[in-house]
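Here is the structure we will look at, set down as structure tokens.
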Amino acid sequence: MRPIAPLGRRRVAVTAVDDVGAYRVLRVADRSGPLPAAGQFYMLATVQRWGGGGDERPYLPRAFSFLSAGDGELRFMFEDVGPGTHRLGELVAGDELWITGPLGAGFRPPGDHRRALLAGGGIGIPPLAAWASELGSRPLALLGFRDGEHAAGAALIEDQARVRVATDDGSLGHHGLVTELLAAELARDGRCVVYSCGPPRMLEAVRALCAEHDVPAQLALEAGMACGFGACYGCVVALRDGGYARLCVDGPVLDAERLQPLAEDAH
Amino acid sequence: MRPIAPLGRRRVAVTAVDDVGAYRVLRVADRSGPLPAAGQFYMLATVQRWGGGGDERPYLPRAFSFLSAGDGELRFMFEDVGPGTHRLGELVAGDELWITGPLGAGFRPPGDHRRALLAGGGIGIPPLAAWASELGSRPLALLGFRDGEHAAGAALIEDQARVRVATDDGSLGHHGLVTELLAAELARDGRCVVYSCGPPRMLEAVRALCAEHDVPAQLALEAGMACGFGACYGCVVALRDGGYARLCVDGPVLDAERLQPLAEDAH
Amino acid sequence: MIDFCGLQLDHPIVNGSGTFDAIAARRAFGDALLADFPFSAFVSKTITLAPRAGNPPPRLWEAPAGMINSIGLPNRGLQGYLEHDLPQLAELPVALITNVMGSTVDEVAQLVEAVGARDEVAAIELNVSCPNVETGLDIGADPLSLAALVRAVRPLARKPLIVKLTPNTADVAAVAVAAESEGADAVSLVNTLRAMALDPHGGGAWLGGGAGGLSGPAIRNVALAQVAAVARRVSIPIIAMGGVAAGSHANDLLCVGAALVAVGTENFRDPCAGSRIAAELKSLQIAGSPSSSMNAS
Amino acid sequence: MIDFCGLQLDHPIVNGSGTFDAIAARRAFGDALLADFPFSAFVSKTITLAPRAGNPPPRLWEAPAGMINSIGLPNRGLQGYLEHDLPQLAELPVALITNVMGSTVDEVAQLVEAVGARDEVAAIELNVSCPNVETGLDIGADPLSLAALVRAVRPLARKPLIVKLTPNTADVAAVAVAAESEGADAVSLVNTLRAMALDPHGGGAWLGGGAGGLSGPAIRNVALAQVAAVARRVSIPIIAMGGVAAGSHANDLLCVGAALVAVGTENFRDPCAGSRIAAELKSLQIAGSPSSSMNAS
Ligand SMILES: Cc1cc2nc3c(=O)[nH]c(=O)nc-3n(C[C@H](O)[C@H](O)[C@H](O)COP(=O)(O)OP(=O)(O)OC[C@H]3O[C@@H](n4cnc5c(N)ncnc54)[C@H](O)[C@@H]3O)c2cc1C
Ligand SMILES: Cc1cc2nc3c(=O)[nH]c(=O)nc-3n(C[C@H](O)[C@H](O)[C@H](O)COP(=O)(O)OP(=O)(O)OC[C@H]3O[C@@H](n4cnc5c(N)ncnc54)[C@H](O)[C@@H]3O)c2cc1C
Ligand SMILES: Cc1cc2nc3c(=O)[nH]c(=O)nc-3n(C[C@H](O)[C@H](O)[C@H](O)COP(=O)(O)O)c2cc1C
Ligand SMILES: Cc1cc2nc3c(=O)[nH]c(=O)nc-3n(C[C@H](O)[C@H](O)[C@H](O)COP(=O)(O)O)c2cc1C
Ligand code: FES
Ligand code: FES
């Protein structure tokens with residue numbers, strides 16, 4: 001059974017704010033929620049002035065995977081990419097958030113004598129960090145970043161996983177795509193389950209690569225969400241059976257084999 | 001000729017914020033605007049997050065009379081009564097505002113060997129303070145307030161005028177309405193022009209009283225404004241001739257004799 | 001207790017069709033949902049005769065003070081609903097209103113008849129206003145076509161029949177009058193306003209379905225005007241909705257003549273918006289603020 | 001230079017009728033207004049045959065991401081306009097489009113003929129959509145009545161005739177097609193959406209005029225959908241408006257097929273919104289972002 005959210009949104013306080021490279025890490029005190037499972041997420045909105053940003057947004061809450069949880073505290077990580085993350089980026093300790101969660105279904109263990117292999121990057125770190133921590137086995141994590149400033153985010157998972165980094169600009173680690181590291185690793189030893197989270201283009205490459213190598217993969221996907229608890233039917237991804245899955249209740253983690261090739265843009 | 005506003009809105013910084021009793025005084029640096037005339041006003045909106053407050057407001061800029069002007073600085077005074085003033089109340093030094101102004105037509109001198117008599121209260125202080133300062137003659141100012149905390153606002157005009165205070169709760173000065181002070185003063189010496197600004201109910205009492213005593217009065221009126229420069233036709237008051245005047249271009253100061261009895265509520 | 005077409009409801013706040021999935025919400029929040037159910041009646045998402053997968057993503061666009069959706073009425077179809085959903089919805093602690101939509105009179109007739117035959121269903125809401133499906137729009141925008149539809153299906157319904165009107169019309173009151181005259185027991189409004197958004201990165205329409213429907217605070221005052229216009233012309237009860245996010249908004253709708261108020265988009269921001277708004281409304285009414293006896297026009 | 005019905009315009013941004021009073025603005029800002037006029041053409045406030053005082057206050061309500069107005073078309077009437085306003089408007093550095101409205105075909109005919117006879121007027125915009133005056137709404141919502149009106153007045157206009165459509169209709173494209181088929185040279189849309197607000201302190205409608213019209217960002221995506229729908233059906237140029245507050249919003253409207261974009265409510269927040277948006281649009285177009293050649297449907 002996945003952890004179940006307390007009914008409704010609850011008001012929590014920001015306890016600390018840290019910058020890690022290009023990313024912001026928000027700590028919030030959440031004493032009334034259960035311990036979430038890796039890959040689950042929360043809907044977040046500020047109590048004050050959620051709205052009034054660019055084009056009068058944000059209006060809807062925003063989905064964020066938790067980075068770590070424990071001792072009555074949740075950590076989230078994000079980069080300023082739009083009005084919602086911009087507003088969250090203005091928060092200081094003491095400010096208040098509405099949160100709903102934990103929501104959705106997270107990662108499932110590899111089983112089958114397979115090892116867990118984590119692959120992802122950028123803002124995809126949180127579910128992977130949480131999963132590595134839950135596994136406890138210091139799995140290998142292949143992480144791709146745009147540049148050195150973003151690669152600094154790898155620090156957030158280094159305690160839980162053995163990290164190998166790739167950067168687009170070569171400023172750190174492998175100069176190139178994380179999927180190049182993944183291809184090499186799959187070729188070396190394919191007895192694994194790949195756990196992945198990252199930008200759509202990367203996830204699609206991971207999906208295609210794993211399909212090619214016949215390796216099971218669990219992808220933590222993203223989609224625009226209005227509600228996060230199955231109410232709006234907005235957050236769907238196309239399945240191979242012709243239907244759609246709601247990411248917020250059927251995901252956000254889905255088996256790669258159920259999916260159609262993913263659209264490459266933010267859609 | 002009234003001072004004319006630079007074309008368009010301009011971005012200015014808050015230089016200081018003070019609390020005076022129940023009121024907030026905002027100082028802003030405005031080096032590009034002309035010196036305004038007493039009774040003129042500015043349209044204000046914050047640069048950041050004008051919006052996202054109660055019921056997703058404010059959206060339109062808000063009109064504020066200036067309290068004082070000079071040395072490249074403007075002062076405004078307000079009380080938190082809704083989403084716009086609430087947002088303005090959050091500003092700290094360094095925050096930025098859009099301002100447009102000075103706008104509208106202000107007070108005209110008494111002439112005719114009449115003395116200037118100021119009567120008003122509450123948030124009506126700014127135009128009266130500016131007018132007393134422009135007159136330079138330390139006129140008598142009769143000011144009504146809800147209670148002592150609000151009456152502290154009288155400090156903002158005490159350097160420019162000889163102030164007599166009335167409070168609704170009797171906590172300071174005359175226990176009762178400012179119009180009682182005004183009635184006595186008009187009975188004592190009616191050779192004056194009454195300059196008034198305050199809540200609608202007070203203005204209506206002043207208008208009626210001056211009409212009764214056949215004393216000319218200039219009222220600085222308020223109305224909901226969308227634009228402040230004559231564009232929307234929203235800010236009208238009913239005239240005795242059956243028409244309407246736009247407060248932002250024909251006012252906000254109007255001769256009392258042109259007006260129909262004023263509606264008593266905020267309408 | 002409020003009497004709405006014979007249903008006894010605890011308070012006047014229900015949900016807008018398609019804005020709360022009680023089955024999914026129970027998966028997310030567990031049985032706490034049943035203990036503290038936010039609405040006094042539950043309105044199901046629109047059911048069609050055949051199953052529908054819905055529109056391709058993206059299905060959502062965040063608009064100023066609101067959102068646009070182009071969901072495309074995904075549902076299991078009538079049989080799937082009766083077999084799979086209905087038993088679960090029957091476990092809810094409140095009356096169930098089933099929302100249906102068909103693209104022909106015959107389809108609607110089948111739906112109304114089958115749904116109305118089920119004891120679990122307390123009332124039927126007929127969606128003639130969904131902007132995402134061509135027919136829905138057309139029938140609901142024209143008094144004559146709507147009258148013909150209601151005339152044909154009313155006798156088959158067996159349960160109170162609520163007609164959900166489209167706001168995308170010149171004279172919504174005329175349409176409401178047509179529904180009333182053919183025996184509709186209530187009307188509900190507004191559905192979403194037809195709207196569109198472009199992909200900020202270029203390439204045409206953002207929504208997979210092309211156009212969509214605007215909901216949320218942005219449409220609140222449009223809804224209020226339409227509800228007031230309808231209330232002046234019909235005497236059957238009205239379920240009013242559109243941008244309700246607080247007790248005062250619900251109160252406004254009651255003031256202009258609504259019997260019940262539905263909460264839609266606000267559920268997405270606050271899963272317990274229904275209970276919160278019902279409580280806010282109650283304290284407004286206790287405080288003696290403008291009541292439903294007031295004449296707002 | 002943009003050619004719009006034979007008018008040569010510097011850029012595609014004009015003002016929405018009734019949202020910028022060039023005469024009052026010149027009093028407020030002086031002749032700087034003429035030196036830096038925000039629009040490439042100026043659209044006057046609606047003129048009626050007889051003078052009108054307009055609606056009793058309050059005339060404004062601030063809505064989520066927008067506003068409701070119930071101004072009631074105050075104006076000096078045709079004679080007052082020709083004698084008092086026209087000479088002052090003729091001093092503007094841009095082409096003048098005069099917006100007129102009548103409650104009968106005959107009134108409109110008189111207005112169109114008198115205004116079209118004046119050299120200072122470059123084009124006429126016919127307001128058939130103001131939600132505050134009963135007739136405006138009715139003619140503009142019905143293709144047949146509108147066709148009859150345009151047929152009757154087109155021959156009298158002598159100048160390009162733009163028909164300003166109401167958004168409060170089921171099928172705005174059908175109305176636009178009717179206007180085009182009777183010889184309208186262009187259509188403009190959207191006018192405000194019918195809306196209402198209640199006095200928060202009780203006592204009924206807030207606006208002195210009862211109901212009003214919603215404008216601003218709240219209606220942006222509704223406007224975009226209507227403009228796209230009209231563009232698919234007519235080939236005459238479109239002046240598009242509704243919630244435009246930035247170059248990207250104007251660009252969206254051009255993308256779906258508009259020829260010009262009008263700025264309305266945003267003028268109230270930023271008196272130079274017209275120039276700002278024109279500049280933002282230009283830099284978007286230079287940056288090669290989605291252009292008007294793109295097919296958005
Ligand atoms: C399950 C889940 C977990 C997530 N976890 C994280 C996390 O841990 N950290 C993190 O940083 N992010 C996470 N995200 C992503 C995050 O929720 C989104 O990036 C969020 O939308 C950002 O909000 P914003 O307002 O800053 O940007 P938005 O404005 O929402 O922009 C994000 C993207 O949305 C699209 N967009 C632009 N305008 C609109 C519009 N008006 N309406 C709709 N879409 C628009 C564009 O493609 C844009 O690139 C997660 C998402 C999901 C679904
Ligand atoms: C020329 C002029 C000069 C002024 N000078 C000053 C000054 O120096 N100091 C000062 O404090 N104030 C001044 N005002 C008044 C000030 O502009 C208003 O009080 C302003 O509206 C406050 O904004 P708000 O958002 O805080 O409150 P609002 O929400 O605007 O509330 C103010 C009043 O508006 C009404 N209202 C409520 N909701 C709405 C709505 N949705 N739409 C429209 N109206 C609504 C109600 O009657 C309410 O009491 C002046 C006004 C004018 C016209
Ligand atoms: C995501 C979404 C899905 C909806 N689905 C349906 C539906 O299936 N059937 C229906 O009749 N109305 C549907 N609606 C309309 C709502 O029930 C409601 O009429 C509308 O959203 C206005 O209310 P609101 O502003 O409170 O959301 C939907 C609305 C939204 C936002
Ligand atoms: C205060 C106000 C007054 C208006 N007056 C008129 C008018 O006289 N004639 C007219 O055709 N449209 C009038 N309009 C409609 C605008 O021209 C425009 O169509 C509408 O506001 C939508 O654009 P916006 O969202 O950019 O404001 C008025 C709008 C507002 C807000
Ligand atoms: S986000 Fe609403 S159903 Fe998934
Ligand atoms: S505030 Fe717009 S005309 Fe006066």
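Ligands are numbered from 1 in the order shown, residues from 1 within each chain, and chains are lettered A, B, ... in the order they appear in the structure tokens.
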Query raised in the report: Contacts of Pro109 (chain A) at 10 Å or less, counting only C-alpha atoms, minus same-chain residues fewer than 5 places along, as a list in words?
Result: Arg114, Arg115, Ala116, Trp131, Glu134, Leu135, Val193, Tyr195 and Gln218 of chain A
**Report entry** Test item: residues lying within 7 Å of ligand 5 with only C-alpha atoms and all ligand atoms, as a PyMOL selection string
**Finding:** chain A and resi 225-236+246-249
Set out as a Markdown table a contact list for chain D and chain A with a cut-off of 12 Å, giving each residue of chain D that qualifies its closest atom pair and distance in Å to one decimal, counting only C-alpha atoms, ordered by chain and rising residue number.
| residue | atom | partner | partner_atom | distance |
| --- | --- | --- | --- | --- |
| D:Pro64 | CA | A:Glu56 | CA | 9.4 |
| D:Ala65 | CA | A:Glu56 | CA | 6.9 |
| D:Gly66 | CA | A:Glu56 | CA | 10.2 |
| D:Gly216 | CA | A:Glu56 | CA | 11.0 |
| D:Pro217 | CA | A:Asp55 | CA | 7.9 |
| D:Ala218 | CA | A:Glu56 | CA | 9.3 |
| D:Arg220 | CA | A:Asp55 | CA | 10.4 |
| D:Asn221 | CA | A:Asp55 | CA | 11.8 |
| D:Gly243 | CA | A:Asp55 | CA | 10.3 |
| D:Val244 | CA | A:Asp55 | CA | 10.2 |
| D:Ala245 | CA | A:Asp55 | CA | 8.5 |
| D:Ala246 | CA | A:Asp55 | CA | 8.8 |
| D:Gly247 | CA | A:Asp55 | CA | 11.7 |
| D:Ser248 | CA | A:Asp55 | CA | 10.2 |
| D:His249 | CA | A:Asp55 | CA | 9.6 |
Could you save the residues just selected, with all heavy atoms, as a short mmCIF file (atom, residue, chain, number, x, y, z; two decimals), in the first residue's frame?
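Okay, again-v7.cif is ready:
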data_model
loop_
_atom_site.label_atom_id
_atom_site.label_comp_id
_atom_site.auth_asym_id
_atom_site.auth_seq_id
_atom_site.Cartn_x
_atom_site.Cartn_y
_atom_site.Cartn_z
N PRO D 64 -11.57 39.39 -10.76
CA PRO D 64 -10.31 38.67 -10.85
C PRO D 64 -9.68 38.83 -12.24
O PRO D 64 -10.31 38.52 -13.23
CB PRO D 64 -10.72 37.21 -10.60
CG PRO D 64 -11.98 37.30 -9.79
CD PRO D 64 -12.68 38.53 -10.31
N ALA D 65 -8.47 39.38 -12.28
CA ALA D 65 -7.77 39.60 -13.55
C ALA D 65 -8.61 40.37 -14.57
O ALA D 65 -8.60 40.05 -15.75
CB ALA D 65 -7.27 38.28 -14.13
N GLY D 66 -9.30 41.36 -14.11
CA GLY D 66 -10.06 42.16 -15.05
C GLY D 66 -10.98 43.13 -14.34
O GLY D 66 -10.84 43.39 -13.14
N GLY D 216 -10.35 42.71 -19.87
CA GLY D 216 -9.05 42.47 -19.24
C GLY D 216 -8.58 41.04 -19.41
O GLY D 216 -9.21 40.24 -20.11
N PRO D 217 -7.46 40.70 -18.75
CA PRO D 217 -6.86 39.38 -18.91
C PRO D 217 -7.82 38.21 -18.73
O PRO D 217 -7.67 37.18 -19.38
CB PRO D 217 -5.78 39.37 -17.81
CG PRO D 217 -5.38 40.80 -17.68
CD PRO D 217 -6.64 41.58 -17.89
N ALA D 218 -8.83 38.38 -17.89
CA ALA D 218 -9.80 37.31 -17.66
C ALA D 218 -10.43 36.83 -18.96
O ALA D 218 -10.79 35.65 -19.09
CB ALA D 218 -10.89 37.78 -16.69
N ARG D 220 -9.01 37.07 -22.03
CA ARG D 220 -8.01 36.95 -23.10
C ARG D 220 -8.18 35.69 -23.94
O ARG D 220 -8.17 35.73 -25.16
CB ARG D 220 -6.61 36.98 -22.49
CG ARG D 220 -5.49 36.96 -23.51
CD ARG D 220 -4.13 36.95 -22.81
NE ARG D 220 -3.99 38.11 -21.94
CZ ARG D 220 -3.31 38.10 -20.78
NH1 ARG D 220 -2.71 37.01 -20.37
NH2 ARG D 220 -3.26 39.19 -20.05
N ASN D 221 -8.34 34.56 -23.26
CA ASN D 221 -8.39 33.30 -24.00
C ASN D 221 -9.75 33.05 -24.64
O ASN D 221 -9.84 32.31 -25.61
CB ASN D 221 -8.00 32.14 -23.08
CG ASN D 221 -6.58 32.28 -22.56
OD1 ASN D 221 -6.36 32.85 -21.50
ND2 ASN D 221 -5.63 31.80 -23.32
N GLY D 243 -8.17 41.55 -23.45
CA GLY D 243 -7.16 41.14 -22.48
C GLY D 243 -5.73 41.30 -22.92
O GLY D 243 -4.83 40.76 -22.27
N VAL D 244 -5.49 42.03 -23.97
CA VAL D 244 -4.10 42.18 -24.43
C VAL D 244 -3.35 43.10 -23.47
O VAL D 244 -3.75 44.24 -23.24
CB VAL D 244 -4.04 42.74 -25.86
CG1 VAL D 244 -2.60 43.08 -26.25
CG2 VAL D 244 -4.64 41.72 -26.83
N ALA D 245 -2.27 42.59 -22.92
CA ALA D 245 -1.48 43.38 -21.96
C ALA D 245 0.00 43.31 -22.28
O ALA D 245 0.80 43.96 -21.62
CB ALA D 245 -1.73 42.88 -20.53
N ALA D 246 0.37 42.53 -23.27
CA ALA D 246 1.79 42.39 -23.62
C ALA D 246 1.90 42.01 -25.09
O ALA D 246 0.93 41.56 -25.71
CB ALA D 246 2.44 41.30 -22.75
N GLY D 247 3.11 42.18 -25.61
CA GLY D 247 3.35 41.87 -27.01
C GLY D 247 2.99 40.43 -27.35
O GLY D 247 2.47 40.16 -28.43
N SER D 248 3.24 39.52 -26.43
CA SER D 248 2.95 38.11 -26.73
C SER D 248 1.45 37.87 -26.91
O SER D 248 1.05 37.03 -27.71
CB SER D 248 3.52 37.20 -25.64
OG SER D 248 2.88 37.48 -24.41
N HIS D 249 0.64 38.61 -26.18
CA HIS D 249 -0.80 38.45 -26.35
C HIS D 249 -1.24 38.97 -27.72
O HIS D 249 -2.10 38.37 -28.38
CB HIS D 249 -1.57 39.19 -25.26
CG HIS D 249 -1.07 38.91 -23.88
ND1 HIS D 249 -1.05 39.85 -22.90
CD2 HIS D 249 -0.55 37.79 -23.32
CE1 HIS D 249 -0.55 39.33 -21.79
NE2 HIS D 249 -0.24 38.09 -22.03
#
Query raised in the report: Taking only C-alpha atoms into account, which residues of chain A are within 12 Å of chain B, as a list in words?
Result: Thr46, Val47, Gln48, Arg49, Trp50, Gly51, Gly52, Gly53, Gly54, Asp55, Glu56, Arg57, Pro58, Tyr59, Leu60, Pro83, His86, Arg87 and Glu90 of chain A
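Every residue of chain C that lies within 7 Å of chain D is listed here, counting only C-alpha atoms: Pro64, Ala65, Ala141, Asn168, Thr169, Ala170, Leu193, Arg194, Ala195, Met196, Ala197, Leu198, Gly202, Gly203, Gly204, Ala205, Gly210, Pro217, Ala218, Asn221, Val222, Leu224, Ala225, Asp252, Ser289, Pro290, Asn295, Ala296 and Ser297 of chain C.
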**Report entry** Exercise answer, 12 Å around ligand 6 with only C-alpha atoms and all ligand atoms, as a ChimeraX atom specification
**Finding:** /B:41-43,60-64,103-105,221-237,244-252 /D:18-25,28,57-60,69,71,74,265-271
Report task. Find the residues near region 96-104 of chain C: any atom within 8 Å, counting only C-alpha atoms, skip ones fewer than 6 places away on the same chain, and give them as a list in words. Result -> Ser17, Ala41, Phe42, Val43, Ser44, Lys45, Thr46, Ile47, Thr48, Leu49, Leu89, Ala90, Leu111, Val112, Val115, Glu120, Val121, Ala122, Ala123, Ile124, Glu125, Leu126, Asn127, Val128, Thr135 and Gly136 of chain C
Query - Shell of 12 Å around Arg207 (chain B), only C-alpha atoms, local chain residues under 2 positions omitted, as a ChimeraX atom specification - result: /B:119-120,179,182-183,193-198,200-205,209-221,254-263
Hey, what's within 10 Å of Ser181 (chain D) if we count only C-alpha atoms and toss same-chain stuff fewer than 4 positions away? As an mmCIF file with N, CA, C and O atoms, in the first residue's frame, please?
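Dumped to out.cif:
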data_model
loop_
_atom_site.group_PDB
_atom_site.id
_atom_site.type_symbol
_atom_site.label_atom_id
_atom_site.label_comp_id
_atom_site.auth_asym_id
_atom_site.auth_seq_id
_atom_site.Cartn_x
_atom_site.Cartn_y
_atom_site.Cartn_z
ATOM 1 N N ALA D 147 -27.122 41.278 -40.663
ATOM 2 C CA ALA D 147 -27.027 41.377 -42.114
ATOM 3 C C ALA D 147 -27.936 42.505 -42.615
ATOM 4 O O ALA D 147 -27.532 43.323 -43.447
ATOM 5 N N VAL D 150 -26.321 45.917 -41.806
ATOM 6 C CA VAL D 150 -25.156 46.254 -42.625
ATOM 7 C C VAL D 150 -25.598 46.561 -44.060
ATOM 8 O O VAL D 150 -25.123 47.515 -44.684
ATOM 9 N N ARG D 151 -26.529 45.769 -44.566
ATOM 10 C CA ARG D 151 -27.036 45.998 -45.915
ATOM 11 C C ARG D 151 -27.584 47.414 -46.043
ATOM 12 O O ARG D 151 -27.320 48.122 -47.012
ATOM 13 N N VAL D 175 -22.073 35.338 -37.287
ATOM 14 C CA VAL D 175 -22.397 36.760 -37.326
ATOM 15 C C VAL D 175 -21.368 37.501 -38.190
ATOM 16 O O VAL D 175 -21.712 38.379 -38.990
ATOM 17 N N ALA D 176 -20.116 37.129 -38.052
ATOM 18 C CA ALA D 176 -19.066 37.766 -38.845
ATOM 19 C C ALA D 176 -19.267 37.500 -40.329
ATOM 20 O O ALA D 176 -19.113 38.393 -41.171
ATOM 21 N N VAL D 177 -19.648 36.287 -40.652
ATOM 22 C CA VAL D 177 -19.903 35.928 -42.049
ATOM 23 C C VAL D 177 -21.053 36.790 -42.598
ATOM 24 O O VAL D 177 -20.979 37.293 -43.719
ATOM 25 N N ASP D 185 -16.185 45.961 -44.331
ATOM 26 C CA ASP D 185 -14.800 45.918 -44.790
ATOM 27 C C ASP D 185 -13.901 45.215 -43.789
ATOM 28 O O ASP D 185 -12.796 44.792 -44.126
ATOM 29 N N VAL D 234 -14.013 34.143 -42.292
ATOM 30 C CA VAL D 234 -14.107 35.346 -43.127
ATOM 31 C C VAL D 234 -12.752 35.667 -43.740
ATOM 32 O O VAL D 234 -11.712 35.228 -43.234
ATOM 33 N N ILE D 236 -12.202 39.103 -44.762
ATOM 34 C CA ILE D 236 -11.946 40.521 -44.462
ATOM 35 C C ILE D 236 -11.053 40.611 -43.232
ATOM 36 O O ILE D 236 -11.000 39.685 -42.425
#
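For the choices C:Leu207, C:Val190, C:Ile238, C:Val94, the atom-to-atom distance to ligand 3 is smallest for C:Val190 when using only C-alpha atoms and all ligand atoms.
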Query raised in the report: So which residues of region 30-196 of chain C fall under alpha helix (DSSP H) by DSSP, listed as an NGL selection string?
Result: :C and (32-35 or 77-80 or 86-89 or 105-116 or 134-141 or 143-157 or 172-181)
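Atom pair CA of Asp159 (chain B) / CA of Ile125 (chain B) has a distance of 12.9 Å (rounded to one decimal).
The closest residue to Gly54 (chain C), picked from C:Ile286, C:Leu165, C:Ile139, C:Leu73 and counting only C-alpha atoms, is C:Leu73.
Considering only C-alpha atoms and all ligand atoms, the residue among D:Leu78, D:Val263, D:Ala114, D:Leu92 positioned nearest to ligand 4 is D:Val263.
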